[in-house]
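See below for structure_11.cif, which holds mmCIF, C-alpha atoms.
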```
data_protein
loop_
_atom_site.group_PDB
_atom_site.id
_atom_site.type_symbol
_atom_site.label_atom_id
_atom_site.label_comp_id
_atom_site.auth_asym_id
_atom_site.auth_seq_id
_atom_site.Cartn_x
_atom_site.Cartn_y
_atom_site.Cartn_z
ATOM 1 C CA MET A 9 144.930 -42.829 230.726
ATOM 2 C CA ALA A 10 143.274 -40.271 228.429
ATOM 3 C CA LYS A 11 139.584 -40.713 227.691
ATOM 4 C CA ILE A 12 136.438 -39.082 226.313
ATOM 5 C CA LEU A 13 134.581 -37.293 229.082
ATOM 6 C CA HIS A 14 131.778 -35.743 226.971
ATOM 7 C CA ILE A 15 130.584 -35.844 223.341
ATOM 8 C CA PHE A 16 128.640 -32.941 221.814
ATOM 9 C CA ARG A 17 127.217 -32.166 218.397
ATOM 10 C CA ALA A 18 125.399 -29.209 216.908
ATOM 11 C CA PRO A 19 122.229 -30.323 215.110
ATOM 12 C CA LYS A 20 122.154 -26.850 213.481
ATOM 13 C CA LYS A 21 124.650 -24.013 213.481
ATOM 14 C CA ARG A 22 124.249 -21.472 216.290
ATOM 15 C CA LEU A 23 121.761 -23.690 218.173
ATOM 16 C CA PRO A 24 122.674 -25.322 221.510
ATOM 17 C CA MET A 25 124.895 -28.375 221.382
ATOM 18 C CA GLU A 26 123.383 -31.726 222.335
ATOM 19 C CA GLU A 27 125.282 -34.139 224.556
ATOM 20 C CA LEU A 28 125.509 -37.752 223.418
ATOM 21 C CA GLU A 29 126.589 -41.019 225.009
ATOM 22 C CA GLU A 30 127.802 -42.331 221.649
ATOM 23 C CA VAL A 31 127.922 -41.229 218.029
ATOM 24 C CA ARG A 32 129.141 -42.422 214.646
ATOM 25 C CA VAL A 33 132.159 -40.546 213.310
ATOM 26 C CA ILE A 34 132.249 -40.299 209.522
ATOM 27 C CA ARG A 35 135.568 -40.413 207.669
ATOM 28 C CA ASP A 36 136.550 -37.007 206.238
ATOM 29 C CA VAL A 37 133.372 -35.360 207.632
ATOM 30 C CA GLY A 38 133.100 -35.432 211.456
ATOM 31 C CA LEU A 39 130.318 -36.453 213.833
ATOM 32 C CA GLU A 40 127.217 -37.816 212.135
ATOM 33 C CA GLY A 41 124.490 -35.166 212.237
ATOM 34 C CA CYS A 42 126.783 -32.328 213.323
ATOM 35 C CA ALA A 43 126.387 -29.037 211.459
ATOM 36 C CA HIS A 44 130.032 -28.158 212.152
ATOM 37 C CA GLY A 45 131.559 -31.069 210.201
ATOM 38 C CA ARG A 46 133.394 -29.818 207.134
ATOM 39 C CA PRO A 47 134.013 -32.477 204.487
ATOM 40 C CA GLY A 48 137.448 -32.272 202.930
ATOM 41 C CA SER A 49 138.831 -29.822 205.509
ATOM 42 C CA GLY A 50 140.927 -30.037 208.657
ATOM 43 C CA ARG A 51 138.052 -28.563 210.694
ATOM 44 C CA GLN A 52 135.974 -31.697 211.240
ATOM 45 C CA MET A 53 136.072 -32.161 215.035
ATOM 46 C CA LEU A 54 137.090 -29.925 217.946
ATOM 47 C CA LEU A 55 138.785 -31.401 221.015
ATOM 48 C CA VAL A 56 139.074 -29.460 224.285
ATOM 49 C CA ASP A 57 140.440 -30.812 227.559
ATOM 50 C CA ARG A 58 138.589 -30.824 230.862
ATOM 51 C CA GLU A 59 141.573 -29.339 232.619
ATOM 52 C CA THR A 60 141.403 -26.157 230.502
ATOM 53 C CA LEU A 61 137.644 -25.828 231.012
ATOM 54 C CA GLU A 62 137.989 -26.179 234.782
ATOM 55 C CA ALA A 63 140.857 -23.654 234.928
ATOM 56 C CA MET A 64 138.636 -21.163 233.086
ATOM 57 C CA ASP A 65 135.497 -22.001 235.105
ATOM 58 C CA LEU A 66 133.594 -23.236 232.032
ATOM 59 C CA ARG A 67 131.234 -26.196 231.849
ATOM 60 C CA PRO A 68 131.769 -28.867 229.168
ATOM 61 C CA GLY A 69 130.093 -28.054 225.841
ATOM 62 C CA VAL A 70 129.702 -24.326 226.464
ATOM 63 C CA ILE A 71 132.515 -23.433 224.040
ATOM 64 C CA ARG A 72 131.032 -25.802 221.445
ATOM 65 C CA GLU A 73 133.651 -28.553 221.442
ATOM 66 C CA ASN A 74 132.758 -31.958 220.008
ATOM 67 C CA ILE A 75 134.830 -33.920 222.495
ATOM 68 C CA THR A 76 135.795 -32.958 226.026
ATOM 69 C CA THR A 77 138.841 -35.016 226.968
ATOM 70 C CA ASP A 78 140.261 -36.027 230.329
ATOM 71 C CA GLY A 79 143.920 -36.815 230.953
ATOM 72 C CA ILE A 80 145.457 -35.403 227.767
ATOM 73 C CA ASP A 81 146.855 -31.914 227.181
ATOM 74 C CA VAL A 82 144.949 -31.132 223.987
ATOM 75 C CA ASN A 83 146.597 -27.730 223.555
ATOM 76 C CA GLY A 84 150.012 -29.419 223.747
ATOM 77 C CA LEU A 85 149.309 -31.841 220.884
ATOM 78 C CA ALA A 86 151.519 -31.416 217.835
ATOM 79 C CA LEU A 87 150.024 -30.702 214.442
ATOM 80 C CA GLN A 88 149.778 -33.950 212.437
ATOM 81 C CA GLN A 89 149.665 -36.021 215.657
ATOM 82 C CA GLU A 90 147.387 -39.002 215.131
ATOM 83 C CA LEU A 91 144.957 -40.195 217.777
ATOM 84 C CA ARG A 92 143.011 -43.438 218.060
ATOM 85 C CA ILE A 93 139.666 -43.705 219.831
ATOM 86 C CA GLY A 94 138.503 -47.289 219.319
ATOM 87 C CA GLU A 95 138.329 -47.800 215.551
ATOM 88 C CA VAL A 96 138.279 -44.034 214.894
ATOM 89 C CA ARG A 97 141.495 -42.317 213.822
ATOM 90 C CA LEU A 98 141.939 -38.561 213.995
ATOM 91 C CA GLN A 99 144.767 -36.308 212.895
ATOM 92 C CA VAL A 100 145.370 -33.003 214.666
ATOM 93 C CA SER A 101 145.150 -30.525 211.796
ATOM 94 C CA GLU A 102 144.769 -26.990 213.177
ATOM 95 C CA ILE A 103 144.928 -24.904 216.305
ATOM 96 C CA CYS A 104 141.432 -23.615 217.012
ATOM 97 C CA HIS A 105 141.634 -19.859 217.312
ATOM 98 C CA PRO A 106 139.060 -18.159 219.547
ATOM 99 C CA CYS A 107 136.189 -16.495 217.701
ATOM 100 C CA ASP A 108 133.664 -13.780 218.541
ATOM 101 C CA GLN A 109 131.077 -16.420 219.551
ATOM 102 C CA LEU A 110 132.990 -16.866 222.826
ATOM 103 C CA GLU A 111 132.028 -13.337 223.848
ATOM 104 C CA LYS A 112 128.412 -14.566 224.113
ATOM 105 C CA VAL A 113 129.525 -17.040 226.783
ATOM 106 C CA ARG A 114 131.421 -14.457 228.824
ATOM 107 C CA PRO A 115 132.754 -11.001 227.937
ATOM 108 C CA GLY A 116 136.530 -11.201 227.514
ATOM 109 C CA LEU A 117 136.519 -14.994 226.978
ATOM 110 C CA ARG A 118 137.889 -14.726 223.437
ATOM 111 C CA ARG A 119 141.031 -13.060 224.797
ATOM 112 C CA GLU A 120 141.245 -15.485 227.749
ATOM 113 C CA MET A 121 141.086 -18.492 225.401
ATOM 114 C CA ARG A 122 144.064 -17.511 223.215
ATOM 115 C CA GLY A 123 146.305 -20.551 223.000
ATOM 116 C CA ARG A 124 143.806 -22.670 224.973
ATOM 117 C CA ARG A 125 140.833 -23.072 222.590
ATOM 118 C CA GLY A 126 141.626 -26.683 221.685
ATOM 119 C CA MET A 127 142.628 -28.471 218.529
ATOM 120 C CA LEU A 128 140.753 -29.196 215.336
ATOM 121 C CA CYS A 129 141.073 -32.648 213.827
ATOM 122 C CA ARG A 130 140.523 -34.377 210.504
ATOM 123 C CA VAL A 131 138.842 -37.793 210.575
ATOM 124 C CA LEU A 132 141.125 -40.380 208.940
ATOM 125 C CA ALA A 133 138.972 -43.421 209.781
ATOM 126 C CA GLY A 134 135.387 -43.455 211.020
ATOM 127 C CA GLY A 135 133.455 -45.634 213.439
ATOM 128 C CA MET A 136 131.579 -45.371 216.725
ATOM 129 C CA ILE A 137 132.862 -43.470 219.737
ATOM 130 C CA ARG A 138 131.412 -43.587 223.225
ATOM 131 C CA ARG A 139 131.726 -41.599 226.396
ATOM 132 C CA GLY A 140 134.555 -43.187 228.401
ATOM 133 C CA ASP A 141 136.487 -44.484 225.363
ATOM 134 C CA THR A 142 140.247 -44.187 225.704
ATOM 135 C CA ILE A 143 142.239 -41.766 223.566
ATOM 136 C CA GLU A 144 145.638 -42.971 222.432
ATOM 137 C CA LYS A 145 148.413 -41.029 220.720
ATOM 138 C CA VAL A 146 149.792 -43.060 217.841
ATOM 139 C CA SER A 147 152.419 -42.540 215.196
ATOM 140 C CA ALA A 148 151.571 -43.132 211.545
ATOM 141 C CA SER A 149 153.966 -46.096 211.424
ATOM 142 C CA ALA A 150 152.126 -47.799 214.315
ATOM 143 C CA LEU A 151 148.741 -47.695 212.585
ATOM 144 C CA PRO A 152 147.327 -50.788 210.908
ATOM 145 C CA PHE A 153 146.973 -50.599 207.151
ATOM 146 C CA ALA A 154 144.546 -52.255 204.769
ATOM 147 C CA GLU A 155 147.083 -53.807 202.458
ATOM 148 C CA ASP A 156 150.847 -54.064 202.207
ATOM 149 C CA SER A 157 151.541 -52.578 198.790
ATOM 150 C CA ARG A 158 154.771 -54.571 198.395
ATOM 151 C CA SER A 159 153.398 -58.043 199.077
ATOM 152 C CA GLY A 160 149.641 -57.658 198.745
ATOM 153 C CA LEU A 161 149.159 -59.150 202.226
ATOM 154 C CA ALA A 162 146.474 -57.767 204.481
ATOM 155 C CA ALA A 163 147.613 -56.321 207.800
ATOM 156 C CA LYS A 164 146.755 -58.198 210.963
#
```
Please rewrite the model in this file as structure tokens.
Amino acid sequence: MAKILHIFRAPKKRLPMEELEEVRVIRDVGLEGCAHGRPGSGRQMLLVDRETLEAMDLRPGVIRENITTDGIDVNGLALQQELRIGEVRLQVSEICHPCDQLEKVRPGLRREMRGRRGMLCRVLAGGMIRRGDTIEKVSASALPFAEDSRSGLAAK
């Protein structure tokens, strides 16, 4: 079963990431208090899998991901795939392309990370997430909705 292994946020851009046990995720923004959240964009949270970090001999958080996952191939997720972590819903919105900042971690890392940098997500529904929470792939049709527009009945 896929789960959250680590949670990180950047209190200010270019400063070290801080690791958290839990954090509030804000709809259409990202992690509360994270300088990397971009309201209204598809670049609100970055997911990277543990398996990729281990294969590249990198410690969690060093490439500035928000969530380090375990048990899910993040780089294999399809664009538009929706994920549920507790009450939080994410939508995979963009492939994260390696940037020059990776060269500060290790010379040549930008090139090494091509196709393995993780996926950026948009926050569809906010809430709390915690280290150890399960990550579930869901289809849009399987998600609960606030109101059935045809009958006016609330979803259960």
I'd like the contact shell of A:Arg46 - 12 Å cut-off, all atoms listed in the file, skipping same-chain residues fewer than 6 positions apart - returned as an mmCIF file with C-alpha atoms, in the coordinates of the input.
```
data_model
loop_
_atom_site.group_PDB
_atom_site.id
_atom_site.type_symbol
_atom_site.label_atom_id
_atom_site.label_comp_id
_atom_site.auth_asym_id
_atom_site.auth_seq_id
_atom_site.Cartn_x
_atom_site.Cartn_y
_atom_site.Cartn_z
ATOM 1 C CA ILE A 34 132.249 -40.299 209.522
ATOM 2 C CA ARG A 35 135.568 -40.413 207.669
ATOM 3 C CA ASP A 36 136.550 -37.007 206.238
ATOM 4 C CA VAL A 37 133.372 -35.360 207.632
ATOM 5 C CA GLY A 38 133.100 -35.432 211.456
ATOM 6 C CA LEU A 39 130.318 -36.453 213.833
ATOM 7 C CA GLU A 40 127.217 -37.816 212.135
ATOM 8 C CA GLN A 52 135.974 -31.697 211.240
ATOM 9 C CA MET A 53 136.072 -32.161 215.035
ATOM 10 C CA LEU A 54 137.090 -29.925 217.946
ATOM 11 C CA LEU A 128 140.753 -29.196 215.336
ATOM 12 C CA CYS A 129 141.073 -32.648 213.827
ATOM 13 C CA ARG A 130 140.523 -34.377 210.504
ATOM 14 C CA VAL A 131 138.842 -37.793 210.575
#
```
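Minimum atom-to-atom distances from A:Pro19, A:Pro106, A:Gly126, A:Gly41 to A:Glu59 were compared using all atoms listed in the file, and the lowest value belongs to A:Gly126.
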(request) Take the PyMOL selection byres ((chain A and resi 9) around 10), apply it to the structure above, and return the hits as a VMD selection string. (result) chain A and resid 10 to 11 78 to 80 142 to 144
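With atom CA of A:Glu29 on one side and atom CA of A:Arg122 on the other, the separation reads 29.3 Å.
Across the structure, atom CA of A:Cys107 and atom CA of A:Ile15 are spaced 20.9 Å apart.
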